[in-house]
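*Asks:* Handing over final25.cif, mmCIF, C-alpha atoms and all ligand atoms.
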```cif
data_work
#
loop_
_atom_site.label_atom_id
_atom_site.label_comp_id
_atom_site.auth_asym_id
_atom_site.auth_seq_id
_atom_site.Cartn_x
_atom_site.Cartn_y
_atom_site.Cartn_z
CA SER A 1 -9.89 -40.84 -39.89
CA ASN A 2 -12.20 -39.13 -37.41
CA PRO A 3 -12.07 -40.92 -34.06
CA GLY A 4 -14.45 -38.58 -32.23
CA LEU A 5 -13.99 -37.70 -28.57
CA ALA A 6 -13.25 -41.04 -26.92
CA PRO A 7 -9.90 -42.80 -27.26
CA GLU A 8 -9.92 -46.14 -29.07
CA ILE A 9 -8.63 -49.51 -27.86
CA LYS A 10 -7.33 -52.33 -29.98
CA LEU A 11 -9.36 -55.51 -29.71
CA ARG A 12 -7.60 -58.89 -29.67
CA ASP A 13 -8.59 -59.37 -33.34
CA GLY A 14 -6.80 -56.14 -34.33
CA TYR A 15 -9.84 -53.89 -34.86
CA LEU A 16 -10.19 -50.58 -33.01
CA MET A 17 -13.14 -49.90 -30.69
CA PRO A 18 -14.06 -46.44 -29.34
CA THR A 19 -14.08 -46.59 -25.52
CA PHE A 20 -17.43 -44.84 -25.14
CA GLY A 21 -20.79 -45.43 -26.82
CA LEU A 22 -24.49 -44.61 -26.90
CA GLY A 23 -27.04 -47.12 -25.59
CA THR A 24 -30.33 -47.36 -27.49
CA TRP A 25 -32.48 -49.64 -25.35
CA LEU A 26 -35.74 -47.91 -24.39
CA GLY A 27 -36.17 -49.88 -21.16
CA VAL A 28 -39.23 -51.58 -19.70
CA THR A 29 -42.72 -50.32 -18.83
CA LYS A 30 -44.05 -50.32 -15.25
CA GLU A 31 -45.75 -53.62 -16.11
CA GLY A 32 -42.39 -55.12 -17.10
CA SER A 33 -42.82 -55.37 -20.88
CA LEU A 34 -40.30 -53.83 -23.28
CA ASN A 35 -40.86 -50.21 -24.31
CA GLU A 36 -41.51 -50.06 -28.05
CA VAL A 37 -40.23 -47.38 -30.39
CA GLN A 38 -43.05 -44.80 -30.66
CA ASP A 39 -41.41 -41.89 -32.46
CA ASP A 40 -38.05 -40.89 -33.95
CA SER A 41 -36.38 -40.21 -30.59
CA VAL A 42 -33.69 -42.87 -31.03
CA GLU A 43 -32.89 -41.61 -34.52
CA LYS A 44 -32.55 -38.05 -33.17
CA ALA A 45 -30.44 -39.32 -30.26
CA VAL A 46 -27.99 -41.12 -32.58
CA GLU A 47 -27.71 -38.00 -34.75
CA ALA A 48 -27.03 -35.87 -31.65
CA ALA A 49 -24.51 -38.43 -30.44
CA ILE A 50 -22.51 -38.43 -33.67
CA ASP A 51 -22.57 -34.62 -33.73
CA SER A 52 -21.29 -34.68 -30.12
CA GLY A 53 -18.32 -36.92 -30.96
CA TYR A 54 -19.72 -40.42 -30.28
CA ARG A 55 -18.37 -43.03 -32.69
CA HIS A 56 -19.89 -46.15 -31.11
CA ILE A 57 -23.59 -47.09 -31.05
CA ASP A 58 -24.99 -50.09 -29.16
CA THR A 59 -28.24 -51.69 -30.28
CA ALA A 60 -29.84 -55.17 -30.39
CA SER A 61 -32.46 -56.90 -32.47
CA LEU A 62 -34.52 -57.19 -29.25
CA TYR A 63 -34.64 -53.38 -28.82
CA LYS A 64 -36.25 -52.84 -32.25
CA THR A 65 -34.11 -49.70 -32.58
CA GLU A 66 -31.82 -50.97 -35.37
CA PRO A 67 -33.82 -49.19 -38.13
CA GLN A 68 -33.52 -45.81 -36.38
CA VAL A 69 -29.82 -46.33 -35.63
CA GLY A 70 -29.26 -47.14 -39.31
CA LYS A 71 -31.22 -44.13 -40.56
CA ALA A 72 -29.34 -41.72 -38.31
CA ILE A 73 -25.92 -43.08 -39.29
CA ASP A 74 -26.91 -42.95 -42.98
CA LYS A 75 -27.90 -39.32 -42.56
CA LYS A 76 -24.60 -38.39 -40.89
CA ILE A 77 -22.68 -40.20 -43.64
CA LYS A 78 -24.62 -38.29 -46.32
CA GLU A 79 -23.95 -35.02 -44.50
CA GLY A 80 -20.24 -35.84 -44.55
CA VAL A 81 -19.90 -35.82 -40.75
CA VAL A 82 -18.56 -39.40 -40.65
CA THR A 83 -17.86 -42.33 -42.93
CA ARG A 84 -19.20 -45.82 -42.23
CA GLU A 85 -15.63 -46.85 -41.30
CA GLU A 86 -15.52 -44.21 -38.57
CA VAL A 87 -18.61 -45.45 -36.72
CA PHE A 88 -18.47 -48.62 -34.61
CA VAL A 89 -21.83 -50.43 -34.63
CA THR A 90 -22.65 -53.17 -32.12
CA THR A 91 -25.80 -55.27 -32.28
CA LYS A 92 -26.92 -58.50 -30.62
CA LEU A 93 -28.42 -61.88 -31.45
CA TRP A 94 -31.60 -62.75 -29.55
CA GLY A 95 -32.19 -66.17 -27.95
CA ASP A 96 -34.76 -67.37 -30.49
CA GLN A 97 -32.01 -67.70 -33.13
CA HIS A 98 -29.40 -69.62 -31.19
CA ALA A 99 -29.24 -72.69 -33.45
CA LYS A 100 -25.97 -72.62 -35.40
CA GLU A 101 -27.62 -72.27 -38.82
CA GLN A 102 -29.84 -69.40 -37.57
CA VAL A 103 -27.01 -67.05 -36.64
CA VAL A 104 -25.99 -65.89 -40.14
CA PRO A 105 -29.60 -65.23 -41.23
CA ALA A 106 -30.26 -63.33 -37.96
CA LEU A 107 -27.19 -61.18 -38.54
CA LYS A 108 -28.25 -60.50 -42.14
CA SER A 109 -31.66 -59.41 -40.91
CA SER A 110 -30.00 -56.96 -38.48
CA LEU A 111 -27.88 -55.64 -41.37
CA ARG A 112 -31.05 -55.08 -43.42
CA ASN A 113 -32.60 -53.17 -40.50
CA LEU A 114 -29.44 -51.09 -40.20
CA THR A 115 -29.07 -50.74 -44.01
CA MET A 116 -25.40 -51.70 -43.64
CA ASP A 117 -23.20 -54.30 -45.28
CA TYR A 118 -21.14 -55.21 -42.21
CA LEU A 119 -21.25 -54.94 -38.41
CA ASP A 120 -18.33 -53.95 -36.25
CA LEU A 121 -19.39 -56.20 -33.39
CA TYR A 122 -22.00 -58.94 -33.05
CA LEU A 123 -22.78 -60.23 -29.55
CA ILE A 124 -24.76 -63.18 -28.23
CA HIS A 125 -27.21 -61.18 -26.08
CA PHE A 126 -27.64 -63.83 -23.34
CA PRO A 127 -26.39 -67.42 -22.99
CA VAL A 128 -29.98 -68.65 -22.59
CA ALA A 129 -31.91 -69.55 -25.76
CA THR A 130 -35.58 -68.57 -25.96
CA LYS A 131 -38.76 -69.69 -27.68
CA GLY A 132 -39.54 -66.91 -30.14
CA LEU A 133 -39.20 -63.25 -29.17
CA SER A 134 -40.15 -64.08 -25.58
CA PHE A 135 -38.23 -64.80 -22.40
CA ILE A 136 -39.51 -68.40 -22.32
CA PRO A 137 -36.28 -70.42 -22.15
CA ASP A 138 -35.26 -73.05 -24.67
CA ASP A 139 -32.38 -75.51 -24.42
CA THR A 140 -30.06 -74.78 -27.38
CA ASP A 141 -26.46 -74.88 -26.15
CA TYR A 142 -24.72 -71.48 -26.43
CA LEU A 143 -21.65 -73.37 -27.68
CA GLU A 144 -23.60 -74.18 -30.83
CA THR A 145 -24.49 -70.48 -31.10
CA TRP A 146 -20.81 -69.55 -30.79
CA HIS A 147 -20.01 -71.82 -33.77
CA GLY A 148 -22.60 -69.81 -35.74
CA MET A 149 -20.95 -66.54 -34.65
CA ILE A 150 -17.55 -67.82 -35.82
CA GLU A 151 -19.10 -68.68 -39.19
CA ALA A 152 -20.67 -65.18 -39.47
CA GLN A 153 -17.27 -63.60 -38.85
CA LYS A 154 -15.65 -65.90 -41.44
CA GLN A 155 -18.20 -64.68 -43.99
CA GLY A 156 -17.16 -61.06 -43.34
CA LEU A 157 -20.60 -60.04 -42.05
CA THR A 158 -19.11 -58.74 -38.80
CA ARG A 159 -15.58 -57.69 -37.95
CA SER A 160 -15.61 -58.78 -34.32
CA ILE A 161 -17.65 -61.27 -32.31
CA GLY A 162 -18.35 -61.40 -28.62
CA VAL A 163 -20.81 -62.28 -25.89
CA SER A 164 -23.00 -60.50 -23.36
CA ASN A 165 -24.15 -61.68 -19.92
CA PHE A 166 -21.78 -64.67 -19.97
CA ASN A 167 -19.82 -65.62 -16.85
CA GLU A 168 -16.17 -66.68 -16.63
CA GLU A 169 -16.90 -70.44 -16.79
CA MET A 170 -19.03 -70.00 -19.89
CA ILE A 171 -16.34 -68.00 -21.68
CA GLU A 172 -13.70 -70.57 -20.69
CA ARG A 173 -15.92 -73.27 -22.20
CA LEU A 174 -16.18 -71.35 -25.51
CA ILE A 175 -12.41 -70.99 -25.67
CA ARG A 176 -11.74 -74.60 -24.69
CA GLU A 177 -14.20 -76.06 -27.20
CA THR A 178 -13.62 -73.77 -30.21
CA GLY A 179 -10.23 -72.11 -29.69
CA VAL A 180 -11.90 -68.77 -30.48
CA THR A 181 -11.85 -66.18 -27.68
CA PRO A 182 -14.60 -63.53 -27.72
CA ALA A 183 -13.17 -60.09 -28.52
CA VAL A 184 -15.66 -58.40 -26.20
CA LEU A 185 -17.80 -59.18 -23.14
CA GLN A 186 -20.72 -56.82 -22.47
CA ILE A 187 -21.91 -56.90 -18.84
CA GLU A 188 -23.69 -54.73 -16.28
CA ILE A 189 -21.19 -52.35 -14.65
CA HIS A 190 -21.96 -49.42 -12.35
CA LEU A 191 -21.04 -48.14 -8.88
CA ASN A 192 -23.06 -50.89 -7.16
CA LEU A 193 -21.85 -53.70 -9.46
CA GLN A 194 -18.15 -53.26 -10.25
CA GLN A 195 -17.33 -56.96 -10.87
CA PRO A 196 -13.57 -56.74 -10.12
CA ASN A 197 -12.98 -60.50 -10.54
CA LEU A 198 -14.66 -60.71 -13.94
CA LEU A 199 -12.76 -57.58 -15.08
CA LYS A 200 -9.47 -59.15 -13.96
CA TYR A 201 -10.29 -62.35 -15.82
CA CYS A 202 -11.05 -60.37 -19.00
CA ARG A 203 -7.76 -58.46 -18.71
CA GLU A 204 -5.88 -61.76 -18.44
CA ARG A 205 -7.68 -63.14 -21.51
CA ASP A 206 -7.40 -59.83 -23.43
CA ILE A 207 -11.18 -59.55 -23.73
CA ALA A 208 -12.47 -55.95 -23.92
CA VAL A 209 -15.35 -55.15 -21.55
CA MET A 210 -18.38 -53.04 -22.41
CA GLY A 211 -20.41 -51.86 -19.40
CA TYR A 212 -24.18 -51.58 -19.65
CA THR A 213 -26.58 -49.69 -17.34
CA PRO A 214 -23.63 -47.50 -16.23
CA PHE A 215 -25.82 -45.35 -13.99
CA GLY A 216 -27.24 -48.31 -12.06
CA ALA A 217 -29.44 -46.91 -9.29
CA LEU A 218 -28.00 -43.38 -9.45
CA PHE A 219 -31.25 -41.68 -10.51
CA PRO A 220 -34.08 -41.87 -7.93
CA SER A 221 -36.60 -42.25 -10.77
CA LYS A 222 -34.89 -45.49 -11.89
CA ALA A 223 -33.72 -46.90 -8.54
CA ALA A 224 -35.73 -49.89 -7.28
CA SER A 225 -36.81 -49.71 -3.64
CA GLY A 226 -34.03 -51.05 -1.48
CA ALA A 227 -31.31 -50.23 -4.04
CA PRO A 228 -28.01 -49.38 -2.31
CA PRO A 229 -26.66 -45.81 -2.27
CA PRO A 230 -25.50 -43.47 -3.71
CA ARG A 231 -28.10 -41.36 -5.51
CA ILE A 232 -27.22 -38.41 -7.74
CA ASP A 233 -27.58 -35.90 -4.85
CA ASP A 234 -25.21 -37.79 -2.51
CA PRO A 235 -23.06 -35.09 -0.83
CA ALA A 236 -19.79 -37.03 -1.26
CA LEU A 237 -20.42 -37.42 -5.01
CA VAL A 238 -21.49 -33.81 -5.41
CA LYS A 239 -18.28 -32.73 -3.69
CA ILE A 240 -16.13 -34.75 -6.11
CA ALA A 241 -18.07 -33.43 -9.10
CA ASN A 242 -17.68 -29.82 -7.96
CA LYS A 243 -13.95 -30.28 -7.48
CA TYR A 244 -13.49 -31.16 -11.17
CA ASN A 245 -16.20 -28.78 -12.40
CA LYS A 246 -18.12 -31.81 -13.64
CA THR A 247 -21.54 -33.34 -12.96
CA VAL A 248 -22.17 -36.48 -10.88
CA PRO A 249 -23.12 -38.53 -13.99
CA GLN A 250 -19.82 -37.44 -15.56
CA VAL A 251 -17.85 -38.53 -12.48
CA VAL A 252 -19.54 -41.95 -12.58
CA LEU A 253 -18.83 -42.40 -16.30
CA ARG A 254 -15.22 -41.28 -15.86
CA TYR A 255 -14.79 -43.81 -13.06
CA ILE A 256 -16.08 -46.61 -15.30
CA PHE A 257 -13.68 -45.47 -18.05
CA GLU A 258 -10.81 -45.59 -15.55
CA LEU A 259 -11.82 -49.16 -14.63
CA GLY A 260 -10.99 -49.94 -18.27
CA VAL A 261 -14.64 -50.46 -19.21
CA VAL A 262 -16.41 -49.09 -22.31
CA ALA A 263 -19.57 -47.44 -20.93
CA ILE A 264 -22.64 -47.17 -23.17
CA PRO A 265 -25.02 -44.78 -21.36
CA LYS A 266 -28.43 -44.35 -22.95
CA SER A 267 -30.13 -41.01 -23.32
CA VAL A 268 -32.57 -39.59 -25.84
CA LYS A 269 -31.93 -36.01 -24.66
CA ALA A 270 -29.34 -34.10 -26.68
CA SER A 271 -28.03 -32.11 -23.70
CA ARG A 272 -27.44 -35.31 -21.67
CA ILE A 273 -25.91 -37.06 -24.67
CA ARG A 274 -23.34 -34.23 -24.84
CA GLU A 275 -22.87 -34.16 -21.07
CA ASN A 276 -22.22 -37.91 -20.84
CA ILE A 277 -19.32 -38.03 -23.31
CA ASP A 278 -17.63 -34.93 -21.93
CA ILE A 279 -15.34 -36.94 -19.61
CA PHE A 280 -12.05 -37.03 -21.49
CA ASP A 281 -10.48 -33.86 -20.08
CA PHE A 282 -10.02 -34.85 -16.42
CA SER A 283 -8.99 -37.83 -14.29
CA LEU A 284 -9.97 -38.92 -10.80
CA SER A 285 -7.57 -38.91 -7.85
CA ASP A 286 -6.78 -42.17 -6.06
CA GLU A 287 -8.71 -40.93 -3.05
CA ASP A 288 -11.82 -40.23 -5.11
CA LYS A 289 -11.55 -43.64 -6.77
CA GLN A 290 -11.28 -45.28 -3.38
CA LEU A 291 -14.57 -43.74 -2.32
CA LEU A 292 -16.23 -44.68 -5.62
CA ARG A 293 -14.96 -48.25 -5.21
CA SER A 294 -16.61 -48.45 -1.78
CA TYR A 295 -20.12 -48.34 -3.34
CA ASP A 296 -19.62 -51.80 -4.88
CA ALA A 297 -22.42 -53.94 -3.41
CA ASN A 298 -22.79 -56.83 -5.86
CA TYR A 299 -26.17 -55.27 -6.70
CA ARG A 300 -27.60 -56.20 -10.11
CA THR A 301 -30.49 -54.48 -11.91
CA THR A 302 -30.80 -57.00 -14.79
CA THR A 303 -31.37 -60.29 -12.93
CA VAL A 304 -33.56 -62.15 -15.49
CA PRO A 305 -35.25 -64.05 -12.62
CA PHE A 306 -37.41 -66.06 -15.04
CA TRP A 307 -34.23 -67.92 -16.10
CA LYS A 308 -32.80 -68.58 -12.66
CA ASP A 309 -33.39 -72.35 -12.80
CA HIS A 310 -31.99 -72.73 -16.32
CA PRO A 311 -28.62 -74.55 -16.57
CA TYR A 312 -27.20 -71.58 -18.50
CA TYR A 313 -28.33 -68.94 -16.00
CA PRO A 314 -25.18 -66.79 -15.87
CA PHE A 315 -25.45 -64.87 -12.61
CA LYS A 316 -24.33 -66.79 -9.54
CA PRO A 317 -24.93 -66.88 -6.68
CA TRP A 318 -28.61 -66.13 -7.22
P1 LIG B 401 -28.33 -46.26 -18.26
O1 LIG B 401 -27.52 -46.50 -17.05
O2 LIG B 401 -27.64 -45.85 -19.51
O3 LIG B 401 -29.42 -45.19 -17.86
C1 LIG B 401 -30.33 -44.66 -18.79
C2 LIG B 401 -31.27 -43.71 -18.06
O4 LIG B 401 -30.56 -42.59 -17.53
C3 LIG B 401 -32.34 -43.14 -18.94
O5 LIG B 401 -33.53 -43.09 -18.16
C4 LIG B 401 -31.85 -41.73 -19.27
O6 LIG B 401 -32.96 -40.88 -19.48
C5 LIG B 401 -31.09 -41.37 -18.01
N1 LIG B 401 -29.94 -40.49 -18.23
C6 LIG B 401 -28.93 -40.66 -19.13
N2 LIG B 401 -27.99 -39.71 -18.98
C7 LIG B 401 -28.39 -38.90 -17.96
C8 LIG B 401 -27.84 -37.75 -17.34
N3 LIG B 401 -26.67 -37.25 -17.73
N4 LIG B 401 -28.54 -37.18 -16.32
C9 LIG B 401 -29.72 -37.70 -15.90
N5 LIG B 401 -30.29 -38.80 -16.46
C10 LIG B 401 -29.64 -39.39 -17.48
O7 LIG B 401 -29.21 -47.58 -18.50
P2 LIG B 401 -29.50 -48.61 -19.68
O8 LIG B 401 -30.09 -49.77 -19.00
O9 LIG B 401 -30.25 -47.97 -20.80
O10 LIG B 401 -28.08 -49.07 -20.20
C11 LIG B 401 -27.39 -48.44 -21.26
C12 LIG B 401 -27.38 -49.28 -22.52
O11 LIG B 401 -26.76 -50.54 -22.29
C13 LIG B 401 -28.77 -49.68 -23.05
O12 LIG B 401 -29.43 -48.60 -23.68
C14 LIG B 401 -28.40 -50.82 -23.96
O13 LIG B 401 -27.86 -50.32 -25.18
C15 LIG B 401 -27.32 -51.52 -23.14
N6 LIG B 401 -27.87 -52.63 -22.30
C16 LIG B 401 -27.47 -53.91 -22.58
C17 LIG B 401 -27.95 -54.97 -21.86
C18 LIG B 401 -27.50 -56.34 -22.19
O14 LIG B 401 -28.13 -57.32 -21.73
N7 LIG B 401 -26.45 -56.52 -22.94
C19 LIG B 401 -28.91 -54.80 -20.74
C20 LIG B 401 -29.22 -53.40 -20.48
C21 LIG B 401 -28.71 -52.38 -21.24
P3 LIG B 401 -33.18 -40.01 -20.86
O15 LIG B 401 -33.07 -40.94 -22.02
O16 LIG B 401 -34.55 -39.45 -20.68
O17 LIG B 401 -32.09 -38.97 -20.83
#
```
Translate this file's structure into structure tokens.

*Replies:*
Amino acid sequence: SNPGLAPEIKLRDGYLMPTFGLGTWLGVTKEGSLNEVQDDSVEKAVEAAIDSGYRHIDTASLYKTEPQVGKAIDKKIKEGVVTREEVFVTTKLWGDQHAKEQVVPALKSSLRNLTMDYLDLYLIHFPVATKGLSFIPDDTDYLETWHGMIEAQKQGLTRSIGVSNFNEEMIERLIRETGVTPAVLQIEIHLNLQQPNLLKYCRERDIAVMGYTPFGALFPSKAASGAPPPRIDDPALVKIANKYNKTVPQVVLRYIFELGVVAIPKSVKASRIRENIDIFDFSLSDEDKQLLRSYDANYRTTTVPFWKDHPYYPFKPW
């Protein structure tokens, strides 16, 4: 077996998950609509990632990047760099297919896009159902969706099942009503949103946590006006980075790893893809971690404001 650069953790269902992955969401335009795939940049990014030692790729049907993820993994398998077993593939169910009987067909459609015969991890993307491929909310209960996920796992279409953007009460409800605990929770985690209570809850329940948008507001080009500090040129961060002969993005990703969270930074640039995973040869001092902890500001970048009045809106207090 070829585990790549990141250590693996054992999920509660017994499967191994690499503790670092590549994100493949292309983000939103200035007007707020989703960026569409225009070229083969995601395919090239996934190839570069596997060559750099990544063994975990995060995608979603919403991102429309599954076909490129699948092509790149196929290519690396044909080249003999990895086997399918050695790559951990996560994708997500969108809200328009939340009815129980829609989950298995949605998963099969993702598998066709990926040209694969099983997933490693299938996540409910958000607890809120939608009308079509939009953000217009619908009222299907996510509990019904979870029953569909359990069925998909029973059929062997995915090894593990989990949820994304669920809060503690919602997860407790899934467990109480079905007896099946999600193996993974994927949530926003970065310096300004460290979510210590939710992480503690997940440790107690043995739920692995994946952290999305790990850079938060670190890069001035991505930071919304009014976003809390720090930025990438913050003198205190630069000082820590210099001490370890690392970059500021590497210090941030190492900190998230030391929180016990599986970061999935996105980049389509090969040099950054390599830079981001090169964090497994140093560890942060308690003093450095104390400073990094102090940037926690309960500041969220993915707020889905159009769902804030929905009964399944997960982020409270608004
Ligand atoms: P990230 O925090 O990963 O930031 C990505 C941005 O940082 C890109 O603009 C990228 O640019 C840039 N970047 C990456 N590495 C570096 C570096 N070393 N130096 C400078 N700039 C860098 O944000 P995302 O929101 O993309 O989150 C990561 C992944 O998490 C997503 O791609 C997706 O897979 C997942 N996600 C899941 C969500 C959910 O609801 N479950 C919600 C949001 C994200 P460039 O590509 O040009 O290098």

*Asks:* Please extract the residues at most 7 Å from ligand LIG 401 (chain B), counting only C-alpha atoms and all ligand atoms, and provide them as a VMD selection string, using the chain letters and residue numbers of this document.

*Replies:* chain A and resid 22 to 27 58 to 59 125 to 126 164 to 165 186 to 188 212 to 216 219 222 249 264 to 269 272 to 273 275 to 276 302

*Asks:* Compare A:Ile277, A:Ile161, A:Val28, A:Ala6 by their minimum atom-to-atom distance to Val89 in chain A, counting only C-alpha atoms, and give me the closest one.

*Replies:*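 The answer is A:Ile161, which sits nearest to Val89 in chain A.
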
*Asks:* Of the candidates A:Ser225, A:Asn192, A:Asn245, A:Thr158, which shows the shortest atom-to-atom distance to Ser294 in chain A, using all atoms listed in the file?

*Replies:* A:Asn192

*Asks:* Find the residues around range 308-314 of chain A up to 9 Å (all atoms listed in the file counted), leave out those fewer than 6 positions away in its own chain, and share them as a ChimeraX atom specification.

*Replies:* /A:126-129,137-139,141-142,165-167,170

*Asks:* Please report the interatomic distance between CA of Tyr295 in chain A and CA of Gly260 in chain A in Å with one decimal.

*Replies:* 17.6 Å

*Asks:* Please provide as a list in words all residues within 8 Å of Gly70 in chain A, with the sequence filter that same-chain residues fewer than 4 positions apart are discarded (counting all atoms listed in the file).

*Replies:*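 In the requested format, the answer is Glu66, Asp74, Asn113, Leu114, Thr115 and Met116 of chain A.
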
*Asks:* In Å, rounded to a single decimal, give me how far CA of Thr130 in chain A is from CA of Asp96 in chain A.

*Replies:* 4.8 Å

*Asks:* Can you measure CA of Asn298 in chain A to CA of Ile256 in chain A for me? One decimal in Å is fine.

*Replies:*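 Going from CA of Asn298 in chain A over to CA of Ile256 in chain A covers 15.4 Å.
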
*Asks:* Determine the nearest neighbour of Gly162 in chain A from the options A:Leu291, A:Val180, A:Ile124, A:Leu199, counting all atoms listed in the file.

*Replies:*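 Closest residue, counting all atoms listed in the file: A:Ile124.
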
*Asks:* Considering all atoms listed in the file, can you say which of A:Ser285, A:Thr83, A:Thr65, A:Met210 comes closest to Asp39 in chain A?

*Replies:*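 Comparing A:Ser285, A:Thr83, A:Thr65, A:Met210 against Asp39 in chain A, the winner is A:Thr65.
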
*Asks:* Could you check which of A:Lys131, A:Lys200, A:Arg293, A:Arg176 is closest to Pro230 in chain A, using only C-alpha atoms?

*Replies:*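 Comparing A:Lys131, A:Lys200, A:Arg293, A:Arg176 against Pro230 in chain A, the winner is A:Arg293.
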
*Asks:* When you look at Arg55 in chain A with a cut-off of 7 Å (counting all atoms listed in the file), what residues show up, excluding the ones that are within fewer than 6 positions of it in the same chain? I need them as a PyMOL selection string.

*Replies:* chain A and resi 3-4+18+21+86-88

*Asks:* Have a look at A:Ile207, A:Val37, A:Leu198, A:Leu133 and name the one nearest to Val163 in chain A; count all atoms listed in the file.

*Replies:*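 For Val163 in chain A, the nearest of the candidates is A:Ile207.
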
*Asks:* Which centre and which edge lengths, in Å to one decimal, describe the axis-aligned box that holds all listed atoms of range 14-26 of chain A after 5 Å is added on each side, as lines of an AutoDock Vina configuration file?

*Replies:*
```
center_x = -21.3
center_y = -50.4
center_z = -29.6
size_x = 38.9
size_y = 21.5
size_z = 20.5
```

*Asks:* Excluding Glu85 in chain A and its own-chain neighbours fewer than 6 positions away, which residues fall within 12 Å of it when counting all atoms listed in the file? Please give them as a PyMOL selection string.

*Replies:* chain A and resi 1-3+15-17+55-56+73+77+116-120+159

*Asks:* Quick one: residues within 10 Å of Glu258 in chain A, only C-alpha atoms, excluding same-chain residues fewer than 4 positions away - as a list in words?

*Replies:*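 Once the nearby chain positions are removed, what remains is Val252, Leu253, Arg254, Val262, Ser283, Leu284 and Lys289 of chain A.
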